[in-house]
Amino acid sequence: MTKRQTQEERSRQTQSRVKQATIECILEKGIRATSTVDIARKAGVSRGALLHQYPSKELLMQAALEDILNREVDSVQDMATRIKAGKLDFETMLQALHEHFKGDMYMVTLEFLTTARTDPAIKEVLVPLATRFNASLEQIWEQLVMSAEHTSHEKRVALNATLCMMRGMGAQSIWRNDPGLYRDMLLFWKRTLLELGFSTSENTKRVPHNDKNDRDTE
């Protein structure tokens, strides 16, 4: 006999469908062109049911952004755990971050960033969630990067420089599909971090500036 769903379970399922539909609509049309009617249609729910869960578009946008950022934090945390276990190396970590920042997560947040520049309501939604997302990444990076010679602030600077690079590459990928260039940029940044003494292994030594190991293995 099939167990009947509770109202709370049905509500959670509706919220999940609506948030996913919101993300898909933002990817397809952008924030400003997305309406609650579009979202309800894509989610397969009535507009009344949608508004019951999210009374305003701003609340819905906040819920969708929070959902995708939380998923990405979980994904990065899983990646950090695998690196700690020796299943992923430093280069793979940088490649995985690059994939994150050219995927749906970054494209959605890019829509929020451009809209927030001139829309105070969207900016109010974005700032606390983006701050929490960055704080989560900083905590993961602090635990992940083995570097007794660097302070927490220096590790934070290294992370944010990495993120700025990844975001720039993600934005550029919209109009420039050049995998070879992005691969070489990642190799350059990996060498730079290793030369500065950052790695995911306590046994990794600084890489000399004229090191050719990476080029020889390409």
# chains A, B, ... in the order shown; residues from 1 in each chain; ligands from 1
call {"tool": "residues_around", "arguments": {"residues": "stretch 122-125 of chain A", "least_positions_apart": "5", "cutoff": "7 Å", "atoms": "only C-alpha atoms", "output": "NGL selection string"}}
result
:A and (58 or 62 or 112 or 115-116)
call {"tool": "residues_around", "arguments": {"residues": "stretch 12-17 of chain A", "least_positions_apart": "6", "cutoff": "8 Å", "atoms": "only C-alpha atoms", "output": "PyMOL selection string"}}
result
chain A and resi 43+45+53
call {"tool": "write_last_selection", "arguments": {"atoms": "N, CA, C and O atoms", "output": "CSV table (one decimal), in the first residue's frame"}}
result
chain,number,residue,atom,x,y,z
A,43,ALA,N,7.4,24.7,-14.1
A,43,ALA,CA,7.3,23.8,-12.9
A,43,ALA,C,6.1,22.9,-12.9
A,43,ALA,O,6.1,21.9,-12.2
A,45,VAL,N,3.0,23.8,-12.1
A,45,VAL,CA,2.1,24.2,-11.0
A,45,VAL,C,1.3,25.4,-11.4
A,45,VAL,O,1.7,26.1,-12.3
A,53,GLN,N,3.7,29.5,-2.0
A,53,GLN,CA,5.1,29.2,-1.5
A,53,GLN,C,6.0,30.4,-1.5
A,53,GLN,O,6.7,30.6,-0.5
call {"tool": "atom_distance", "arguments": {"atom1": "atom CA of A:Leu144", "atom2": "atom CA of A:Thr162"}}
result
14.1 Å
call {"tool": "closest_residue", "arguments": {"among": "A:Ala96, A:Leu110, A:Ala49, A:Ile39", "to": "A:Ala21", "atoms": "only C-alpha atoms"}}
result
A:Ile39
call {"tool": "atom_distance", "arguments": {"atom1": "atom CA of A:Ser46", "atom2": "atom CA of A:Ala121"}}
result
25.1 Å
call {"tool": "atom_distance", "arguments": {"atom1": "atom CA of A:Phe101", "atom2": "atom CA of A:Ala171"}}
result
8.4 Å
call {"tool": "residues_around", "arguments": {"residues": "stretch 66-81 of chain A", "least_positions_apart": "6", "cutoff": "12 Å", "atoms": "only C-alpha atoms", "output": "PyMOL selection string"}}
result
chain A and resi 15-24+59-60+87-90+92-101+103-109+112+125-145+200
call {"tool": "write_last_selection", "arguments": {"atoms": "C-alpha atoms", "output": "PDB file, in the first residue's frame"}}
result
ATOM      1  CA  GLN A  15       9.272  24.165  -3.703  1.00  0.00           C
ATOM      2  CA  SER A  16      11.953  21.987  -5.282  1.00  0.00           C
ATOM      3  CA  ARG A  17      10.227  21.988  -8.680  1.00  0.00           C
ATOM      4  CA  VAL A  18       9.639  25.727  -8.541  1.00  0.00           C
ATOM      5  CA  LYS A  19      13.259  26.516  -7.620  1.00  0.00           C
ATOM      6  CA  GLN A  20      14.612  24.303 -10.391  1.00  0.00           C
ATOM      7  CA  ALA A  21      12.187  25.879 -12.877  1.00  0.00           C
ATOM      8  CA  THR A  22      13.327  29.325 -11.741  1.00  0.00           C
ATOM      9  CA  ILE A  23      16.982  28.464 -12.384  1.00  0.00           C
ATOM     10  CA  GLU A  24      16.121  27.104 -15.839  1.00  0.00           C
ATOM     11  CA  LEU A  59      11.603  35.796  -2.437  1.00  0.00           C
ATOM     12  CA  LEU A  60      11.526  33.242  -5.232  1.00  0.00           C
ATOM     13  CA  LYS A  87      41.827  10.877  -4.713  1.00  0.00           C
ATOM     14  CA  LEU A  88      42.272  14.279  -6.377  1.00  0.00           C
ATOM     15  CA  ASP A  89      45.371  16.421  -6.800  1.00  0.00           C
ATOM     16  CA  PHE A  90      45.912  20.176  -6.837  1.00  0.00           C
ATOM     17  CA  THR A  92      42.403  18.497 -10.660  1.00  0.00           C
ATOM     18  CA  MET A  93      41.009  20.832  -8.016  1.00  0.00           C
ATOM     19  CA  LEU A  94      41.749  23.879 -10.182  1.00  0.00           C
ATOM     20  CA  GLN A  95      40.206  22.163 -13.205  1.00  0.00           C
ATOM     21  CA  ALA A  96      37.098  21.303 -11.182  1.00  0.00           C
ATOM     22  CA  LEU A  97      36.764  24.941 -10.047  1.00  0.00           C
ATOM     23  CA  HIS A  98      37.073  26.022 -13.672  1.00  0.00           C
ATOM     24  CA  GLU A  99      34.251  23.638 -14.627  1.00  0.00           C
ATOM     25  CA  HIS A 100      32.106  25.063 -11.811  1.00  0.00           C
ATOM     26  CA  PHE A 101      32.615  28.619 -12.991  1.00  0.00           C
ATOM     27  CA  GLY A 103      28.556  25.901 -15.632  1.00  0.00           C
ATOM     28  CA  ASP A 104      24.978  26.701 -14.677  1.00  0.00           C
ATOM     29  CA  MET A 105      25.904  27.943 -11.203  1.00  0.00           C
ATOM     30  CA  TYR A 106      28.127  30.699 -12.517  1.00  0.00           C
ATOM     31  CA  MET A 107      25.786  31.665 -15.362  1.00  0.00           C
ATOM     32  CA  VAL A 108      22.919  32.089 -12.890  1.00  0.00           C
ATOM     33  CA  THR A 109      25.014  34.142 -10.468  1.00  0.00           C
ATOM     34  CA  PHE A 112      22.227  38.170 -10.586  1.00  0.00           C
ATOM     35  CA  VAL A 125      19.002  39.278  -2.379  1.00  0.00           C
ATOM     36  CA  LEU A 126      22.451  38.646  -3.794  1.00  0.00           C
ATOM     37  CA  VAL A 127      24.835  40.188  -1.251  1.00  0.00           C
ATOM     38  CA  PRO A 128      24.167  38.037   1.862  1.00  0.00           C
ATOM     39  CA  LEU A 129      24.002  34.797  -0.136  1.00  0.00           C
ATOM     40  CA  ALA A 130      27.161  35.519  -2.142  1.00  0.00           C
ATOM     41  CA  THR A 131      28.956  36.505   1.077  1.00  0.00           C
ATOM     42  CA  ARG A 132      27.963  33.209   2.693  1.00  0.00           C
ATOM     43  CA  PHE A 133      29.026  31.270  -0.394  1.00  0.00           C
ATOM     44  CA  ASN A 134      32.461  32.930  -0.408  1.00  0.00           C
ATOM     45  CA  ALA A 135      32.830  32.372   3.348  1.00  0.00           C
ATOM     46  CA  SER A 136      32.111  28.655   2.849  1.00  0.00           C
ATOM     47  CA  LEU A 137      34.739  28.424   0.109  1.00  0.00           C
ATOM     48  CA  GLU A 138      37.247  30.258   2.284  1.00  0.00           C
ATOM     49  CA  GLN A 139      36.667  27.777   5.101  1.00  0.00           C
ATOM     50  CA  ILE A 140      37.133  24.847   2.716  1.00  0.00           C
ATOM     51  CA  TRP A 141      40.293  26.398   1.231  1.00  0.00           C
ATOM     52  CA  GLU A 142      41.725  27.042   4.713  1.00  0.00           C
ATOM     53  CA  GLN A 143      41.272  23.366   5.593  1.00  0.00           C
ATOM     54  CA  LEU A 144      42.431  22.144   2.201  1.00  0.00           C
ATOM     55  CA  VAL A 145      45.609  24.079   1.471  1.00  0.00           C
ATOM     56  CA  THR A 200      47.170  20.284  -1.041  1.00  0.00           C
TER      57      THR A 200
END
call {"tool": "closest_residue", "arguments": {"among": "A:Asp119, A:Glu91, A:Asp38, A:Glu149", "to": "A:Leu186", "atoms": "only C-alpha atoms"}}
result
A:Glu91
call {"tool": "select_by_dssp", "arguments": {"residues": "stretch 38-170 of chain A", "states": "helix (DSSP H, G or I)", "output": "ChimeraX atom specification"}}
result
/A:38-43,47-53,57-84,90-100,104-116,120-144,152-170
